[in-house]
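work.txt (compact mmCIF, C-alpha atoms)
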# COMPACT_ATOMS: atom_id res chain seq x y z
CA MET H 177 213.46 -22.40 21.56
CA SER H 178 211.45 -24.17 18.92
CA PHE H 179 207.87 -25.23 18.37
CA TYR H 180 206.53 -28.66 19.19
CA GLU H 181 203.32 -30.63 18.99
CA HIS H 182 202.57 -33.34 21.50
CA THR H 183 199.67 -35.79 21.42
CA LEU H 184 198.62 -38.20 24.14
CA ILE H 185 196.34 -41.20 23.97
CA ALA H 186 194.67 -42.05 27.26
CA LYS H 187 192.83 -45.28 27.99
CA GLN H 188 189.12 -45.43 27.31
CA ASP H 189 188.05 -46.53 30.79
CA ILE H 190 189.41 -43.41 32.48
CA SER H 191 186.94 -41.15 34.34
CA THR H 192 186.34 -37.55 33.34
CA PRO H 193 187.94 -35.91 36.44
CA ASP H 194 191.01 -38.09 35.87
CA LEU H 195 191.17 -36.92 32.27
CA GLU H 196 191.21 -33.30 33.38
CA LYS H 197 193.95 -34.13 35.87
CA LEU H 198 196.00 -35.71 33.09
CA GLU H 199 195.60 -32.66 30.91
CA LYS H 200 196.63 -30.38 33.77
CA LYS H 201 199.59 -32.60 34.68
CA TYR H 202 201.31 -32.23 31.33
CA LYS H 203 200.31 -28.59 31.10
CA ASP H 204 202.12 -27.99 34.39
CA ILE H 205 205.20 -29.90 33.24
CA ILE H 206 205.54 -27.63 30.23
CA THR H 207 205.01 -24.39 32.13
CA GLU H 208 207.29 -25.34 35.04
CA THR H 209 210.24 -25.98 32.72
CA ASP H 210 210.05 -22.52 31.11
CA GLY H 211 207.85 -23.62 28.25
CA GLU H 212 205.05 -21.64 26.67
CA ILE H 213 201.72 -23.26 25.80
CA ILE H 214 200.15 -21.94 22.62
CA LYS H 215 197.10 -24.16 22.28
CA ILE H 216 195.45 -27.25 23.72
CA GLU H 217 193.05 -29.31 21.62
CA LYS H 218 190.83 -32.08 22.90
CA TRP H 219 190.03 -34.47 20.10
CA GLY H 220 187.82 -36.57 22.35
CA LEU H 221 187.07 -40.27 21.98
CA LEU H 222 188.38 -41.66 18.71
CA GLY H 223 188.44 -45.22 17.45
CA PHE H 224 191.77 -46.80 16.56
CA ALA H 225 192.46 -48.33 13.19
CA ASN H 226 194.04 -51.32 14.93
CA LYS H 227 193.85 -52.50 18.50
CA ILE H 228 196.43 -51.04 20.88
CA LYS H 229 197.02 -53.19 23.97
CA ALA H 230 193.52 -54.72 23.62
CA TYR H 231 191.88 -51.27 23.54
CA LYS H 232 189.67 -50.18 20.66
CA LYS H 233 189.18 -46.50 21.55
CA GLY H 234 191.04 -43.78 23.35
CA PHE H 235 190.96 -40.14 24.45
CA TYR H 236 193.22 -37.84 22.47
CA ILE H 237 194.79 -34.67 23.91
CA HIS H 238 196.86 -32.42 21.66
CA TYR H 239 199.31 -29.74 22.87
CA LYS H 240 201.01 -27.05 20.86
CA PHE H 241 203.86 -25.34 22.69
CA LYS H 242 207.19 -23.55 22.50
CA ALA H 243 209.97 -25.03 24.60
CA GLU H 244 213.53 -26.31 24.83
CA SER H 245 214.89 -29.82 24.96
CA LYS H 246 214.67 -29.87 28.78
CA THR H 247 210.87 -30.04 28.73
CA LEU H 248 210.83 -32.80 26.14
CA GLU H 249 212.88 -35.03 28.42
CA GLU H 250 210.51 -34.35 31.31
CA ILE H 251 207.47 -35.18 29.20
CA LYS H 252 209.06 -38.37 27.93
CA LYS H 253 210.05 -39.50 31.43
CA SER H 254 206.61 -39.04 32.93
CA SER H 255 204.66 -40.42 29.98
CA ILE H 256 206.63 -43.67 29.91
CA ILE H 257 205.81 -44.33 33.57
CA ASP H 258 202.20 -43.22 33.27
CA ASN H 259 199.78 -46.15 33.44
CA SER H 260 196.78 -44.30 32.06
CA LEU H 261 198.47 -43.53 28.75
CA LEU H 262 198.62 -45.82 25.74
CA ARG H 263 200.86 -43.88 23.38
CA HIS H 264 202.43 -40.46 22.85
CA LEU H 265 204.09 -38.58 20.02
CA THR H 266 206.08 -35.34 19.84
CA VAL H 267 206.78 -33.62 16.55
CA ARG H 268 209.02 -30.62 15.97
CA TYR H 269 207.91 -27.80 13.69
CA LYS H 270 209.51 -24.69 12.28
CA LYS H 271 206.13 -22.97 12.03
CA LEU H 272 202.96 -23.90 13.86
CA ASP H 273 199.60 -23.28 12.24
CA THR H 274 197.05 -22.91 15.01
CA GLU H 275 194.02 -22.24 12.81
CA THR H 276 193.24 -25.52 11.06
CA GLU H 277 191.73 -28.19 13.32
CA TYR H 278 191.37 -31.47 11.49
CA PHE H 279 189.38 -33.23 14.18
CA LYS H 280 186.77 -30.58 15.01
CA GLU H 281 185.12 -30.53 11.61
CA LYS H 282 184.28 -34.22 11.81
CA ASP H 283 182.19 -33.77 14.95
CA LYS H 284 180.08 -31.08 13.33
CA ASN H 285 179.31 -33.28 10.34
CA GLU H 286 178.26 -36.14 12.55
CA LYS H 287 175.84 -33.97 14.50
CA LYS H 288 174.17 -32.80 11.30
CA LYS H 289 173.47 -36.35 10.24
CA MET A 884 178.56 -66.58 -40.71
CA LYS A 885 178.30 -63.06 -39.54
CA ARG A 886 181.09 -61.52 -37.68
CA LYS A 887 180.32 -59.49 -34.59
CA SER A 888 181.38 -55.97 -35.30
CA ASN A 889 184.69 -55.78 -33.48
CA LYS A 890 183.05 -55.35 -30.09
CA LYS A 891 185.61 -57.38 -28.27
CA PHE A 892 188.45 -55.45 -29.72
CA ASN A 893 187.05 -52.11 -28.63
CA LYS A 894 186.53 -53.17 -25.05
CA ARG A 895 190.16 -53.92 -24.47
CA PRO A 896 191.91 -51.04 -22.63
CA GLN A 897 194.27 -49.25 -24.91
CA ASN A 898 197.85 -48.75 -23.99
CA PRO A 899 198.60 -45.01 -23.84
CA LEU A 900 201.99 -45.63 -25.44
CA ASN A 901 200.33 -47.11 -28.56
CA LYS A 902 200.34 -43.93 -30.58
CA LEU A 903 200.44 -43.43 -34.29
CA SER A 904 202.40 -40.19 -34.18
CA LEU A 905 204.51 -38.44 -31.60
CA PHE A 906 202.23 -35.42 -31.47
CA GLN A 907 199.09 -37.38 -30.74
CA LYS A 908 197.84 -36.85 -27.19
CA SER A 909 197.86 -39.86 -24.89
CA ASP A 910 194.61 -41.10 -23.36
CA SER A 911 196.04 -41.87 -19.96
CA ARG A 912 193.78 -40.97 -17.03
CA PHE A 913 196.40 -40.02 -14.49
CA SER A 914 197.98 -36.62 -14.74
CA LYS A 915 201.72 -36.62 -14.71
CA LYS A 916 201.94 -33.54 -12.52
CA CYS A 917 202.53 -34.02 -8.82
CA PRO A 918 199.22 -33.49 -6.95
CA LEU A 919 200.92 -32.39 -3.74
CA SER A 920 203.29 -29.68 -5.00
CA GLY A 921 202.61 -26.35 -6.62
CA LYS A 922 200.18 -23.61 -5.66
CA ASP A 923 197.04 -24.47 -3.64
CA ALA A 924 198.43 -27.90 -2.82
CA PRO A 925 197.01 -29.63 0.27
CA VAL A 926 199.15 -29.74 3.43
CA VAL A 927 200.86 -33.06 4.06
CA ASP A 928 200.49 -33.59 7.78
CA TYR A 929 199.91 -36.54 10.08
CA LYS A 930 196.63 -35.01 11.29
CA ASN A 931 195.26 -34.65 7.76
CA ILE A 932 193.96 -38.21 7.56
CA LYS A 933 191.61 -37.69 4.61
CA LEU A 934 194.58 -36.88 2.40
CA LEU A 935 196.83 -39.64 3.73
CA LYS A 936 194.20 -42.31 3.19
CA ARG A 937 194.26 -41.61 -0.54
CA TYR A 938 197.89 -42.75 -0.69
CA ILE A 939 197.40 -46.04 1.11
CA SER A 940 196.38 -49.37 -0.39
CA ASP A 941 193.62 -51.59 1.01
CA THR A 942 196.13 -53.49 3.08
CA ASP A 943 197.61 -50.29 4.61
CA LYS A 944 200.67 -50.21 2.41
CA ILE A 945 202.09 -46.96 1.12
CA MET A 946 201.42 -46.53 -2.61
CA PRO A 947 204.48 -46.20 -4.86
CA SER A 948 205.05 -42.85 -6.52
CA ARG A 949 205.10 -44.39 -10.00
CA ILE A 950 201.37 -44.99 -9.64
CA THR A 951 200.36 -41.81 -7.83
CA SER A 952 202.88 -39.56 -9.62
CA VAL A 953 203.89 -37.78 -6.41
CA SER A 954 207.23 -35.98 -6.65
CA GLN A 955 210.21 -37.51 -4.91
CA ASN A 956 210.48 -34.78 -2.30
CA LYS A 957 206.80 -35.04 -1.36
CA GLN A 958 206.87 -38.84 -1.38
CA ARG A 959 209.56 -38.79 1.27
CA LYS A 960 207.43 -36.47 3.37
CA LEU A 961 204.34 -38.61 2.83
CA THR A 962 205.99 -41.77 4.11
CA SER A 963 207.24 -40.14 7.29
CA GLU A 964 203.87 -38.52 7.88
CA ILE A 965 201.95 -41.76 7.29
CA LYS A 966 204.19 -43.58 9.75
CA LYS A 967 203.50 -40.94 12.40
CA ALA A 968 199.76 -41.38 11.92
CA LYS A 969 200.15 -45.13 12.25
CA ILE A 970 201.87 -44.71 15.63
CA LEU A 971 198.85 -42.77 16.90
CA GLY A 972 196.46 -45.37 15.53
CA LEU A 973 194.72 -42.92 13.23
CA ILE A 974 195.24 -44.95 10.03
If you took the structure in this file and wrote it as structure tokens, what would it be?
Amino acid sequence: MSFYEHTLIAKQDISTPDLEKLEKKYKDIITETDGEIIKIEKWGLLGFANKIKAYKKGFYIHYKFKAESKTLEEIKKSSIIDNSLLRHLTVRYKKLDTETEYFKEKDKNEKKK
Amino acid sequence: MKRKSNKKFNKRPQNPLNKLSLFQKSDSRFSKKCPLSGKDAPVVDYKNIKLLKRYISDTDKIMPSRITSVSQNKQRKLTSEIKKAKILGLI
């Protein structure tokens, strides 16, 4: 068992109930294959630096979990087929820090302005 | 004819290696220590975009370590971390 981080980018024109379904879908995949979810972060709508498949913005969902290689295969399989996703990334970590959230602070600063 | 008092000469940037003695301190702006290693160093991570943007040129190229004076170990980590952020479209 080791720690992983997984981020999804969903298309901008997706509806809010569909977004919640997406989040639940990958949450279920992790838990069904004996994984353990530590944290889920929603980064919300963010603009891309460059266009990805003619999209300028996308919804970001970030998972932090503890699992084995079996779950990674399942996630990869389903995310390649998924039409509502643009890109995905999994990164392996020896230690996860769950405290610092790089994308929450930005929203607070924007509201103040 | 009056000569202008060496104004042009003073404006030219001085080479830090042009020293009179060995023990004279150099005037170079950049510190030679690595900014990413040591105590209280910032975390190099693909989510920490503010930090990564400092090590990227205007045309999204990774800056060489001879300019930024990042240590070799951290430079290797920087490149892999910048590439991850580029996949996610953050940079």
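CA of Lys922 (chain A) is found 19.9 Å from CA of Tyr938 (chain A).
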Which residues of chain H come within 10 Å of chain A, and what is each one's closest atom pair and distance in Å (one decimal), counting only C-alpha atoms, sorted by chain and residue number, as a Markdown table?
| residue | atom | partner | partner_atom | distance |
| --- | --- | --- | --- | --- |
| H:Thr183 | CA | A:Leu971 | CA | 8.4 |
| H:Leu184 | CA | A:Leu971 | CA | 8.6 |
| H:Ile185 | CA | A:Leu971 | CA | 7.7 |
| H:Leu222 | CA | A:Leu973 | CA | 8.5 |
| H:Gly223 | CA | A:Leu973 | CA | 7.9 |
| H:Phe224 | CA | A:Gly972 | CA | 5.0 |
| H:Ala225 | CA | A:Ile974 | CA | 5.4 |
| H:Asn226 | CA | A:Gly972 | CA | 6.5 |
| H:Lys227 | CA | A:Gly972 | CA | 8.2 |
| H:Ile228 | CA | A:Gly972 | CA | 7.8 |
| H:Lys232 | CA | A:Gly972 | CA | 9.8 |
| H:Lys233 | CA | A:Gly972 | CA | 9.5 |
| H:Gly234 | CA | A:Gly972 | CA | 9.6 |
| H:Tyr236 | CA | A:Leu971 | CA | 9.3 |
| H:Leu262 | CA | A:Leu971 | CA | 9.4 |
| H:Arg263 | CA | A:Leu971 | CA | 6.9 |
| H:His264 | CA | A:Leu971 | CA | 7.3 |
| H:Leu265 | CA | A:Leu971 | CA | 7.4 |
| H:Thr266 | CA | A:Lys967 | CA | 9.7 |
| H:Val267 | CA | A:Lys967 | CA | 9.0 |
| H:Thr276 | CA | A:Asn931 | CA | 9.9 |
| H:Glu277 | CA | A:Lys930 | CA | 8.6 |
| H:Tyr278 | CA | A:Asn931 | CA | 6.3 |
| H:Phe279 | CA | A:Lys930 | CA | 8.0 |
Item checked: Point (196.9, -35.2, 0.9) neighbourhood (12 Å, all atoms listed in the file) written as a ChimeraX atom specification -> /A:917-920,923-939,951,953,957-958,960-962,964-965
Could you work out an axis-aligned bounding box for all listed atoms of region 214-224 of chain H, with 5 Å added on each of the six sides, and give its centre and edge lengths in Å to one decimal, as AutoDock Vina command-line options?
--center_x 193.6 --center_y -34.4 --center_z 20.1 --size_x 23.1 --size_y 34.9 --size_z 17.2
Margin query: Between CA of Ala230 (chain H) and CA of Ser260 (chain H), what is the distance in Å, rounded to a tenth?
Written below: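 For CA of Ala230 (chain H) relative to CA of Ser260 (chain H), the distance reads 13.8 Å.
With all atoms listed in the file as the basis for measurement, H:Lys240 is the residue among H:Lys240, H:Leu248, H:Thr207, H:Ile256 that approaches Leu272 (chain H) most closely.
CA of Lys218 (chain H) lies 17.0 Å from CA of Ile206 (chain H).
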Note to self: Env of Leu198 (chain H): 10 Å cut, atoms = all atoms listed in the file, seq-sep filter 2 positions within chain, self excluded. Answer as a list in words.
What the structure shows: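 Selected residues are Leu184, Ala186, Thr192, Pro193, Asp194, Leu195, Glu196, Lys200, Lys201, Tyr202, Lys203, Asp204, Ile237, Asp258, Ser260 and Leu261 of chain H.
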Note to self: For Tyr269 (chain H), find every residue with an atom within 6 Å (counting only C-alpha atoms), except residues of its own chain fewer than 2 positions away, and show them as number ranges by chain.
What the structure shows: H: 179-180, 271
